[in-house]
Amino acid sequence: MKVTPSDVTLGATVTEVSLAALSDDQWQRIEEAFHQYAVLIFPKADLTEDEHIAFSRRFGPLERTLSKRTARQEISLLSNVAKDGSIAKPDDALGLFLKGNRYWHTDSSFKKVAAKASLLRALEVPDTGGDTEWADMRAAWDALDEVTQARLEGLVAVHSYAYSQSKVGGIALLTEKERDALPPVRHPLVRTHPATGRKSLYVGRHASHIIGMDEEEGRALLAKLTEDACQPPRIFRHRWHAGDIVAWDNRCVLHRGHPWPFGPPRVMRRTTVAGDGENLWAIGKLEA
């Protein structure tokens, strides 16, 4: 197995390994690389759906999807192809729902226990567009001066799915009951990684406002922190090919997808690893 780091502060490519037949030693190396680089690219791993789920469970228990209408609760369908086979349009419900992914975010920060990791697998991709970028919130924290760090320590932000998705639309893809299961939640603006001990910013599009701060002032601060954080050399970008799978650490990176032409299909599948602790979204737990 070969791990090749990128030339920026995060990201590495892992090759010469079969993810469907990992030895314990290989998994240990992958886990160590995951903690070090936060984003791991496995080019053309060509996993089946069952293999995708099995590999994801190496990282921990999985979250169930936002909607119970999916065929498998472990798999989120991120595709511009509707159930009837038609391609989504930029202004229809599915197109607007997908548009939200173009803004910097971390998966499931709108849940009481935020996600640990995500693993995204490409089944079909267009010839142009649709790249994914990740931003290193560890390095972003390190780049702040001590006065700013001291100001941010102890601040708590409210994260809300209704807030973030309503800004772009497509929220009607969830039922009223599914939306009600996602009330606003609170998360510290600065988090310490449980495995590495490194501090990082915890921001992104789902962060609505800051507790104890004027709403507009708080939103301006959140926007500035996100904008300043998501700059080179803290950005890692991947051009997708069918068969690729990428694992990233939601606890310390933001990500966003780039636009792509709406004509050709783009079919992706994602598993989400549940955060540690008493997590009602983890599969096998009671309903949230």
# chains A, B, ... in the order shown; residues from 1 in each chain; ligands from 1

call {"tool": "residues_around", "arguments": {"residues": "A:Leu222", "least_positions_apart": "3", "cutoff": "8 Å", "atoms": "only C-alpha atoms", "output": "PyMOL selection string"}}
result
chain A and resi 203-204+207+209+218-219+225-226

call {"tool": "write_last_selection", "arguments": {"atoms": "N, CA, C and O atoms", "output": "PDB file, in the first residue's frame"}}
result
ATOM      1  N   VAL A 203     -17.141  25.602  11.447  1.00  0.00           N
ATOM      2  CA  VAL A 203     -18.008  26.626  10.838  1.00  0.00           C
ATOM      3  C   VAL A 203     -18.719  26.018   9.635  1.00  0.00           C
ATOM      4  O   VAL A 203     -19.093  24.858   9.660  1.00  0.00           O
ATOM      5  N   GLY A 204     -18.972  26.789   8.591  1.00  0.00           N
ATOM      6  CA  GLY A 204     -19.629  26.284   7.394  1.00  0.00           C
ATOM      7  C   GLY A 204     -21.066  26.768   7.271  1.00  0.00           C
ATOM      8  O   GLY A 204     -21.599  27.446   8.151  1.00  0.00           O
ATOM      9  N   ALA A 207     -23.960  26.741   9.962  1.00  0.00           N
ATOM     10  CA  ALA A 207     -23.847  27.585  11.151  1.00  0.00           C
ATOM     11  C   ALA A 207     -24.677  28.846  10.949  1.00  0.00           C
ATOM     12  O   ALA A 207     -24.368  29.668  10.086  1.00  0.00           O
ATOM     13  N   HIS A 209     -25.917  31.266  13.559  1.00  0.00           N
ATOM     14  CA  HIS A 209     -25.567  32.443  14.344  1.00  0.00           C
ATOM     15  C   HIS A 209     -24.793  32.003  15.580  1.00  0.00           C
ATOM     16  O   HIS A 209     -24.613  30.800  15.820  1.00  0.00           O
ATOM     17  N   GLY A 218     -22.938  38.060  14.422  1.00  0.00           N
ATOM     18  CA  GLY A 218     -22.463  36.683  14.478  1.00  0.00           C
ATOM     19  C   GLY A 218     -22.352  36.053  13.101  1.00  0.00           C
ATOM     20  O   GLY A 218     -21.388  35.341  12.805  1.00  0.00           O
ATOM     21  N   ARG A 219     -23.341  36.320  12.258  1.00  0.00           N
ATOM     22  CA  ARG A 219     -23.295  35.751  10.906  1.00  0.00           C
ATOM     23  C   ARG A 219     -22.152  36.343  10.089  1.00  0.00           C
ATOM     24  O   ARG A 219     -21.522  35.651   9.284  1.00  0.00           O
ATOM     25  N   LEU A 225     -14.838  34.053   8.993  1.00  0.00           N
ATOM     26  CA  LEU A 225     -13.989  32.936   9.402  1.00  0.00           C
ATOM     27  C   LEU A 225     -13.948  31.873   8.310  1.00  0.00           C
ATOM     28  O   LEU A 225     -12.881  31.321   8.000  1.00  0.00           O
ATOM     29  N   THR A 226     -15.098  31.578   7.718  1.00  0.00           N
ATOM     30  CA  THR A 226     -15.146  30.574   6.653  1.00  0.00           C
ATOM     31  C   THR A 226     -14.366  31.040   5.433  1.00  0.00           C
ATOM     32  O   THR A 226     -13.568  30.284   4.855  1.00  0.00           O
TER      33      THR A 226
END

call {"tool": "residues_around", "arguments": {"residues": "A:His238", "least_positions_apart": "6", "cutoff": "10 Å", "atoms": "only C-alpha atoms", "output": "PyMOL selection string"}}
result
chain A and resi 11+41+130-134+246+257

call {"tool": "write_last_selection", "arguments": {"atoms": "N, CA and C atoms", "output": "PDB file, in the first residue's frame"}}
result
ATOM      1  N   GLY A  11      -4.870  16.111   2.806  1.00  0.00           N
ATOM      2  CA  GLY A  11      -5.109  15.280   1.628  1.00  0.00           C
ATOM      3  C   GLY A  11      -3.956  14.356   1.283  1.00  0.00           C
ATOM      4  N   ILE A  41      -7.903   9.919  -0.747  1.00  0.00           N
ATOM      5  CA  ILE A  41      -8.424   9.559  -2.071  1.00  0.00           C
ATOM      6  C   ILE A  41      -8.023   8.122  -2.388  1.00  0.00           C
ATOM      7  N   GLY A 130     -17.885  19.413 -11.430  1.00  0.00           N
ATOM      8  CA  GLY A 130     -18.223  18.480 -10.379  1.00  0.00           C
ATOM      9  C   GLY A 130     -17.091  18.092  -9.457  1.00  0.00           C
ATOM     10  N   ASP A 131     -15.942  18.801  -9.534  1.00  0.00           N
ATOM     11  CA  ASP A 131     -14.852  18.512  -8.607  1.00  0.00           C
ATOM     12  C   ASP A 131     -15.307  18.783  -7.168  1.00  0.00           C
ATOM     13  N   THR A 132     -14.615  18.186  -6.213  1.00  0.00           N
ATOM     14  CA  THR A 132     -14.863  18.462  -4.798  1.00  0.00           C
ATOM     15  C   THR A 132     -13.602  19.068  -4.191  1.00  0.00           C
ATOM     16  N   GLU A 133     -13.807  20.057  -3.314  1.00  0.00           N
ATOM     17  CA  GLU A 133     -12.710  20.691  -2.580  1.00  0.00           C
ATOM     18  C   GLU A 133     -12.913  20.480  -1.085  1.00  0.00           C
ATOM     19  N   TRP A 134     -11.795  20.356  -0.379  1.00  0.00           N
ATOM     20  CA  TRP A 134     -11.809  20.291   1.077  1.00  0.00           C
ATOM     21  C   TRP A 134     -10.901  21.379   1.626  1.00  0.00           C
ATOM     22  N   VAL A 246     -13.676   8.572  -1.723  1.00  0.00           N
ATOM     23  CA  VAL A 246     -12.908   9.506  -0.896  1.00  0.00           C
ATOM     24  C   VAL A 246     -13.481   9.481   0.513  1.00  0.00           C
ATOM     25  N   GLY A 257     -18.814  21.057  -3.282  1.00  0.00           N
ATOM     26  CA  GLY A 257     -18.772  20.542  -4.642  1.00  0.00           C
ATOM     27  C   GLY A 257     -18.799  21.674  -5.645  1.00  0.00           C
TER      28      GLY A 257
END

call {"tool": "closest_atom_pairs", "arguments": {"of": "stretch 2-68 of chain A", "to": "stretch 95-107 of chain A", "cutoff": "12 Å", "atoms": "only C-alpha atoms", "output": "CSV"}}
result
residue,atom,partner,partner_atom,distance
A:Glu63,CA,A:Asp107,CA,10.9
A:Thr65,CA,A:Asp107,CA,11.5
A:Leu66,CA,A:Asp107,CA,11.5

call {"tool": "write_last_selection", "arguments": {"atoms": "N, CA, C and O atoms", "output": "short mmCIF file (atom, residue, chain, number, x, y, z; two decimals), in the first residue's frame"}}
result
data_model
loop_
_atom_site.label_atom_id
_atom_site.label_comp_id
_atom_site.auth_asym_id
_atom_site.auth_seq_id
_atom_site.Cartn_x
_atom_site.Cartn_y
_atom_site.Cartn_z
N GLU A 63 -24.43 6.59 10.20
CA GLU A 63 -25.68 7.33 10.37
C GLU A 63 -26.72 6.82 9.38
O GLU A 63 -26.39 6.40 8.27
N THR A 65 -29.85 7.83 6.84
CA THR A 65 -30.07 8.96 5.95
C THR A 65 -31.14 9.89 6.50
O THR A 65 -31.91 9.52 7.38
N LEU A 66 -31.20 11.11 5.94
CA LEU A 66 -32.20 12.07 6.38
C LEU A 66 -33.61 11.60 6.07
O LEU A 66 -34.54 11.85 6.82
#

call {"tool": "residues_around", "arguments": {"residues": "A:Ala172", "least_positions_apart": "5", "cutoff": "12 Å", "atoms": "only C-alpha atoms", "output": "PyMOL selection string"}}
result
chain A and resi 67+92-97+162+165-166+177-179

call {"tool": "write_last_selection", "arguments": {"atoms": "N, CA and C atoms", "output": "PDB file, in the first residue's frame"}}
result
ATOM      1  N   SER A  67     -33.761  10.929   4.951  1.00  0.00           N
ATOM      2  CA  SER A  67     -35.077  10.454   4.526  1.00  0.00           C
ATOM      3  C   SER A  67     -35.157   8.941   4.643  1.00  0.00           C
ATOM      4  N   ASP A  92     -35.403  23.027 -10.285  1.00  0.00           N
ATOM      5  CA  ASP A  92     -36.409  22.147  -9.698  1.00  0.00           C
ATOM      6  C   ASP A  92     -35.962  21.724  -8.299  1.00  0.00           C
ATOM      7  N   ALA A  93     -36.811  20.969  -7.587  1.00  0.00           N
ATOM      8  CA  ALA A  93     -36.547  20.658  -6.181  1.00  0.00           C
ATOM      9  C   ALA A  93     -35.226  19.918  -5.998  1.00  0.00           C
ATOM     10  N   LEU A  94     -34.959  18.937  -6.867  1.00  0.00           N
ATOM     11  CA  LEU A  94     -33.727  18.167  -6.742  1.00  0.00           C
ATOM     12  C   LEU A  94     -32.512  19.032  -7.077  1.00  0.00           C
ATOM     13  N   GLY A  95     -32.615  19.825  -8.121  1.00  0.00           N
ATOM     14  CA  GLY A  95     -31.511  20.697  -8.503  1.00  0.00           C
ATOM     15  C   GLY A  95     -31.161  21.694  -7.413  1.00  0.00           C
ATOM     16  N   LEU A  96     -32.185  22.262  -6.779  1.00  0.00           N
ATOM     17  CA  LEU A  96     -31.954  23.221  -5.697  1.00  0.00           C
ATOM     18  C   LEU A  96     -31.377  22.533  -4.470  1.00  0.00           C
ATOM     19  N   PHE A  97     -31.850  21.332  -4.181  1.00  0.00           N
ATOM     20  CA  PHE A  97     -31.304  20.569  -3.059  1.00  0.00           C
ATOM     21  C   PHE A  97     -29.807  20.327  -3.263  1.00  0.00           C
ATOM     22  N   ALA A 162     -32.685  23.887   8.503  1.00  0.00           N
ATOM     23  CA  ALA A 162     -33.711  24.759   7.933  1.00  0.00           C
ATOM     24  C   ALA A 162     -33.101  26.080   7.482  1.00  0.00           C
ATOM     25  N   GLN A 165     -30.490  25.205   4.253  1.00  0.00           N
ATOM     26  CA  GLN A 165     -31.100  24.725   3.021  1.00  0.00           C
ATOM     27  C   GLN A 165     -32.144  25.693   2.491  1.00  0.00           C
ATOM     28  N   SER A 166     -32.805  26.420   3.385  1.00  0.00           N
ATOM     29  CA  SER A 166     -33.807  27.381   2.920  1.00  0.00           C
ATOM     30  C   SER A 166     -33.171  28.522   2.126  1.00  0.00           C
ATOM     31  N   LYS A 177     -42.295  15.820   8.725  1.00  0.00           N
ATOM     32  CA  LYS A 177     -41.814  15.037   9.854  1.00  0.00           C
ATOM     33  C   LYS A 177     -40.296  14.908   9.829  1.00  0.00           C
ATOM     34  N   GLU A 178     -39.728  14.708   8.635  1.00  0.00           N
ATOM     35  CA  GLU A 178     -38.266  14.599   8.515  1.00  0.00           C
ATOM     36  C   GLU A 178     -37.587  15.918   8.847  1.00  0.00           C
ATOM     37  N   ARG A 179     -38.199  17.024   8.453  1.00  0.00           N
ATOM     38  CA  ARG A 179     -37.628  18.338   8.788  1.00  0.00           C
ATOM     39  C   ARG A 179     -37.743  18.613  10.283  1.00  0.00           C
TER      40      ARG A 179
END

call {"tool": "select_by_dssp", "arguments": {"residues": "stretch 36-285 of chain A", "states": "alpha helix (DSSP H)", "output": "number ranges by chain"}}
result
A: 36-37, 49-57, 93-99, 137-143, 146-152, 161-166, 176-180, 215-229

call {"tool": "write_last_selection", "arguments": {"atoms": "C-alpha atoms", "output": "PDB file, in the first residue's frame"}}
result
ATOM      1  CA  GLN A  36      -2.811  12.915   9.654  1.00  0.00           C
ATOM      2  CA  TYR A  37      -4.186  14.076   6.294  1.00  0.00           C
ATOM      3  CA  GLU A  49     -22.407  -0.940  -2.515  1.00  0.00           C
ATOM      4  CA  ASP A  50     -21.940  -3.663   0.102  1.00  0.00           C
ATOM      5  CA  GLU A  51     -18.158  -3.187   0.029  1.00  0.00           C
ATOM      6  CA  HIS A  52     -18.606   0.582   0.344  1.00  0.00           C
ATOM      7  CA  ILE A  53     -20.722   0.074   3.461  1.00  0.00           C
ATOM      8  CA  ALA A  54     -18.334  -2.506   4.931  1.00  0.00           C
ATOM      9  CA  PHE A  55     -15.290  -0.273   4.433  1.00  0.00           C
ATOM     10  CA  SER A  56     -17.149   2.688   5.922  1.00  0.00           C
ATOM     11  CA  ARG A  57     -17.954   0.679   9.045  1.00  0.00           C
ATOM     12  CA  ALA A  93     -36.547  20.658  -6.181  1.00  0.00           C
ATOM     13  CA  LEU A  94     -33.727  18.167  -6.742  1.00  0.00           C
ATOM     14  CA  GLY A  95     -31.511  20.697  -8.503  1.00  0.00           C
ATOM     15  CA  LEU A  96     -31.954  23.221  -5.697  1.00  0.00           C
ATOM     16  CA  PHE A  97     -31.304  20.569  -3.059  1.00  0.00           C
ATOM     17  CA  LEU A  98     -28.012  19.653  -4.749  1.00  0.00           C
ATOM     18  CA  LYS A  99     -27.076  23.321  -5.050  1.00  0.00           C
ATOM     19  CA  MET A 137      -9.816  23.817   9.560  1.00  0.00           C
ATOM     20  CA  ARG A 138      -6.855  22.677  11.672  1.00  0.00           C
ATOM     21  CA  ALA A 139      -4.433  24.755   9.651  1.00  0.00           C
ATOM     22  CA  ALA A 140      -6.970  27.594   9.592  1.00  0.00           C
ATOM     23  CA  TRP A 141      -7.007  27.631  13.399  1.00  0.00           C
ATOM     24  CA  ASP A 142      -3.216  27.515  13.528  1.00  0.00           C
ATOM     25  CA  ALA A 143      -3.047  30.524  11.193  1.00  0.00           C
ATOM     26  CA  GLU A 146      -3.446  34.496  19.631  1.00  0.00           C
ATOM     27  CA  VAL A 147      -5.832  37.398  20.254  1.00  0.00           C
ATOM     28  CA  THR A 148      -8.331  36.042  17.721  1.00  0.00           C
ATOM     29  CA  GLN A 149      -7.974  32.516  19.061  1.00  0.00           C
ATOM     30  CA  ALA A 150      -8.701  33.751  22.587  1.00  0.00           C
ATOM     31  CA  ARG A 151     -11.770  35.615  21.315  1.00  0.00           C
ATOM     32  CA  LEU A 152     -13.165  32.517  19.614  1.00  0.00           C
ATOM     33  CA  TYR A 161     -30.636  22.580   8.421  1.00  0.00           C
ATOM     34  CA  ALA A 162     -33.711  24.759   7.933  1.00  0.00           C
ATOM     35  CA  TYR A 163     -31.510  27.872   7.897  1.00  0.00           C
ATOM     36  CA  SER A 164     -28.888  26.587   5.471  1.00  0.00           C
ATOM     37  CA  GLN A 165     -31.100  24.725   3.021  1.00  0.00           C
ATOM     38  CA  SER A 166     -33.807  27.381   2.920  1.00  0.00           C
ATOM     39  CA  GLU A 176     -42.496  17.836   7.359  1.00  0.00           C
ATOM     40  CA  LYS A 177     -41.814  15.037   9.854  1.00  0.00           C
ATOM     41  CA  GLU A 178     -38.266  14.599   8.515  1.00  0.00           C
ATOM     42  CA  ARG A 179     -37.628  18.338   8.788  1.00  0.00           C
ATOM     43  CA  ASP A 180     -39.043  18.416  12.328  1.00  0.00           C
ATOM     44  CA  GLU A 215     -27.468  37.795  14.970  1.00  0.00           C
ATOM     45  CA  GLU A 216     -26.101  39.790  12.037  1.00  0.00           C
ATOM     46  CA  GLU A 217     -22.783  40.395  13.781  1.00  0.00           C
ATOM     47  CA  GLY A 218     -22.463  36.683  14.478  1.00  0.00           C
ATOM     48  CA  ARG A 219     -23.295  35.751  10.906  1.00  0.00           C
ATOM     49  CA  ALA A 220     -20.748  38.247   9.617  1.00  0.00           C
ATOM     50  CA  LEU A 221     -18.098  36.685  11.861  1.00  0.00           C
ATOM     51  CA  LEU A 222     -19.000  33.162  10.731  1.00  0.00           C
ATOM     52  CA  ALA A 223     -18.843  34.223   7.073  1.00  0.00           C
ATOM     53  CA  LYS A 224     -15.460  35.889   7.533  1.00  0.00           C
ATOM     54  CA  LEU A 225     -13.989  32.936   9.402  1.00  0.00           C
ATOM     55  CA  THR A 226     -15.146  30.574   6.653  1.00  0.00           C
ATOM     56  CA  GLU A 227     -13.897  32.822   3.852  1.00  0.00           C
ATOM     57  CA  ASP A 228     -10.492  33.379   5.467  1.00  0.00           C
ATOM     58  CA  ALA A 229     -10.093  29.712   6.390  1.00  0.00           C
TER      59      ALA A 229
END

call {"tool": "residues_around", "arguments": {"residues": "A:Val267", "least_positions_apart": "6", "cutoff": "9 Å", "atoms": "only C-alpha atoms", "output": "PyMOL selection string"}}
result
chain A and resi 77-81+121-125

call {"tool": "write_last_selection", "arguments": {"atoms": "all heavy atoms", "output": "compact mmCIF listing (two decimals), in the first residue's frame"}}
result
# COMPACT_ATOMS: atom_id res chain seq x y z
N LEU A 77 -28.17 9.06 -1.47
CA LEU A 77 -28.10 9.13 -2.93
C LEU A 77 -27.87 10.58 -3.33
O LEU A 77 -28.76 11.42 -3.20
CB LEU A 77 -29.40 8.61 -3.54
CG LEU A 77 -29.92 7.27 -2.99
CD1 LEU A 77 -31.21 6.89 -3.69
CD2 LEU A 77 -28.87 6.18 -3.14
N LEU A 78 -26.69 10.88 -3.82
CA LEU A 78 -26.37 12.23 -4.26
C LEU A 78 -26.25 12.19 -5.78
O LEU A 78 -25.18 11.91 -6.33
CB LEU A 78 -25.07 12.71 -3.61
CG LEU A 78 -25.10 12.76 -2.07
CD1 LEU A 78 -23.76 13.23 -1.53
CD2 LEU A 78 -26.22 13.67 -1.58
N SER A 79 -27.36 12.44 -6.44
CA SER A 79 -27.43 12.25 -7.88
C SER A 79 -28.36 13.27 -8.49
O SER A 79 -29.36 13.67 -7.87
CB SER A 79 -27.94 10.84 -8.18
OG SER A 79 -28.22 10.68 -9.55
N ASN A 80 -28.04 13.71 -9.71
CA ASN A 80 -28.96 14.60 -10.42
C ASN A 80 -29.92 13.81 -11.30
O ASN A 80 -30.64 14.38 -12.11
CB ASN A 80 -28.17 15.61 -11.26
CG ASN A 80 -27.38 14.97 -12.40
OD1 ASN A 80 -27.10 13.77 -12.36
ND2 ASN A 80 -27.02 15.76 -13.39
N VAL A 81 -29.94 12.49 -11.13
CA VAL A 81 -30.87 11.64 -11.85
C VAL A 81 -32.05 11.32 -10.93
O VAL A 81 -31.87 10.73 -9.86
CB VAL A 81 -30.20 10.34 -12.32
CG1 VAL A 81 -31.19 9.48 -13.10
CG2 VAL A 81 -28.96 10.65 -13.16
N ARG A 121 -18.56 7.91 -2.98
CA ARG A 121 -18.17 7.01 -4.07
C ARG A 121 -18.79 7.49 -5.37
O ARG A 121 -19.98 7.82 -5.42
CB ARG A 121 -18.62 5.59 -3.74
CG ARG A 121 -18.34 4.54 -4.81
CD ARG A 121 -18.63 3.15 -4.25
NE ARG A 121 -19.98 3.02 -3.76
CZ ARG A 121 -20.97 2.38 -4.40
NH1 ARG A 121 -20.75 1.83 -5.59
NH2 ARG A 121 -22.17 2.29 -3.87
N ALA A 122 -17.99 7.55 -6.41
CA ALA A 122 -18.45 8.01 -7.71
C ALA A 122 -18.84 6.82 -8.58
O ALA A 122 -18.04 5.92 -8.81
CB ALA A 122 -17.36 8.83 -8.40
N LEU A 123 -20.09 6.86 -9.06
CA LEU A 123 -20.55 5.82 -9.99
C LEU A 123 -20.51 6.32 -11.43
O LEU A 123 -20.09 5.61 -12.33
CB LEU A 123 -21.98 5.38 -9.64
CG LEU A 123 -22.13 4.35 -8.53
CD1 LEU A 123 -21.77 4.94 -7.17
CD2 LEU A 123 -23.53 3.79 -8.50
N GLU A 124 -20.96 7.57 -11.61
CA GLU A 124 -21.00 8.15 -12.95
C GLU A 124 -20.74 9.64 -12.82
O GLU A 124 -21.38 10.32 -12.00
CB GLU A 124 -22.35 7.90 -13.60
CG GLU A 124 -22.41 8.20 -15.08
CD GLU A 124 -23.69 7.70 -15.72
OE1 GLU A 124 -24.52 7.09 -15.01
OE2 GLU A 124 -23.88 7.93 -16.94
N VAL A 125 -19.79 10.16 -13.60
CA VAL A 125 -19.44 11.57 -13.49
C VAL A 125 -19.38 12.21 -14.88
O VAL A 125 -19.08 11.55 -15.86
CB VAL A 125 -18.07 11.76 -12.78
CG1 VAL A 125 -18.13 11.27 -11.34
CG2 VAL A 125 -16.96 11.04 -13.53

call {"tool": "select_by_dssp", "arguments": {"residues": "stretch 23-59 of chain A", "states": "strand (DSSP E)", "output": "list in words"}}
result
Val39, Leu40, Ile41 and Phe42 of chain A

call {"tool": "decode", "arguments": {"residues": "stretch 24-46 of chain A", "atoms": "N, CA and C atoms", "output": "CSV table (one decimal), in the first residue's frame"}}
result
chain,number,residue,atom,x,y,z
A,24,ASP,N,-5.5,-6.2,8.8
A,24,ASP,CA,-5.5,-5.3,10.0
A,24,ASP,C,-4.4,-4.3,9.9
A,25,ASP,N,-3.2,-4.7,9.4
A,25,ASP,CA,-2.1,-3.7,9.3
A,25,ASP,C,-2.4,-2.6,8.3
A,26,GLN,N,-3.0,-3.0,7.2
A,26,GLN,CA,-3.4,-2.0,6.2
A,26,GLN,C,-4.4,-1.0,6.7
A,27,TRP,N,-5.4,-1.6,7.4
A,27,TRP,CA,-6.4,-0.7,8.0
A,27,TRP,C,-5.7,0.3,9.0
A,28,GLN,N,-4.8,-0.2,9.8
A,28,GLN,CA,-4.1,0.7,10.8
A,28,GLN,C,-3.4,1.8,10.1
A,29,ARG,N,-2.7,1.5,8.9
A,29,ARG,CA,-2.1,2.5,8.2
A,29,ARG,C,-3.1,3.5,7.6
A,30,ILE,N,-4.2,3.1,7.1
A,30,ILE,CA,-5.2,4.0,6.6
A,30,ILE,C,-5.8,4.9,7.7
A,31,GLU,N,-6.0,4.3,8.9
A,31,GLU,CA,-6.5,5.1,10.0
A,31,GLU,C,-5.5,6.2,10.4
A,32,GLU,N,-4.3,5.8,10.5
A,32,GLU,CA,-3.2,6.8,10.8
A,32,GLU,C,-3.1,7.9,9.8
A,33,ALA,N,-3.2,7.5,8.5
A,33,ALA,CA,-3.2,8.5,7.4
A,33,ALA,C,-4.4,9.4,7.5
A,34,PHE,N,-5.5,8.8,7.8
A,34,PHE,CA,-6.8,9.6,7.9
A,34,PHE,C,-6.6,10.7,9.0
A,35,HIS,N,-6.1,10.3,10.1
A,35,HIS,CA,-5.9,11.3,11.2
A,35,HIS,C,-4.8,12.4,10.8
A,36,GLN,N,-3.9,12.0,10.0
A,36,GLN,CA,-2.8,12.9,9.7
A,36,GLN,C,-3.2,13.8,8.5
A,37,TYR,N,-3.9,13.3,7.5
A,37,TYR,CA,-4.2,14.1,6.3
A,37,TYR,C,-5.6,14.5,6.2
A,38,ALA,N,-6.5,13.9,6.9
A,38,ALA,CA,-8.0,14.3,7.0
A,38,ALA,C,-8.8,14.0,5.8
A,39,VAL,N,-8.2,13.9,4.6
A,39,VAL,CA,-8.9,13.5,3.4
A,39,VAL,C,-8.0,12.4,2.7
A,40,LEU,N,-8.6,11.3,2.3
A,40,LEU,CA,-7.9,10.2,1.6
A,40,LEU,C,-8.6,9.9,0.4
A,41,ILE,N,-7.9,9.9,-0.7
A,41,ILE,CA,-8.4,9.6,-2.1
A,41,ILE,C,-8.0,8.1,-2.4
A,42,PHE,N,-9.0,7.3,-2.8
A,42,PHE,CA,-8.7,5.9,-3.2
A,42,PHE,C,-9.2,5.9,-4.7
A,43,PRO,N,-8.2,6.1,-5.6
A,43,PRO,CA,-8.6,6.2,-7.0
A,43,PRO,C,-9.1,4.8,-7.6
A,44,LYS,N,-10.3,4.9,-8.3
A,44,LYS,CA,-10.8,3.8,-9.0
A,44,LYS,C,-10.8,2.5,-8.1
A,45,ALA,N,-11.3,2.6,-6.9
A,45,ALA,CA,-11.3,1.5,-6.0
A,45,ALA,C,-12.4,0.5,-6.4
A,46,ASP,N,-13.4,1.0,-7.2
A,46,ASP,CA,-14.5,0.2,-7.8
A,46,ASP,C,-15.1,-0.8,-6.8
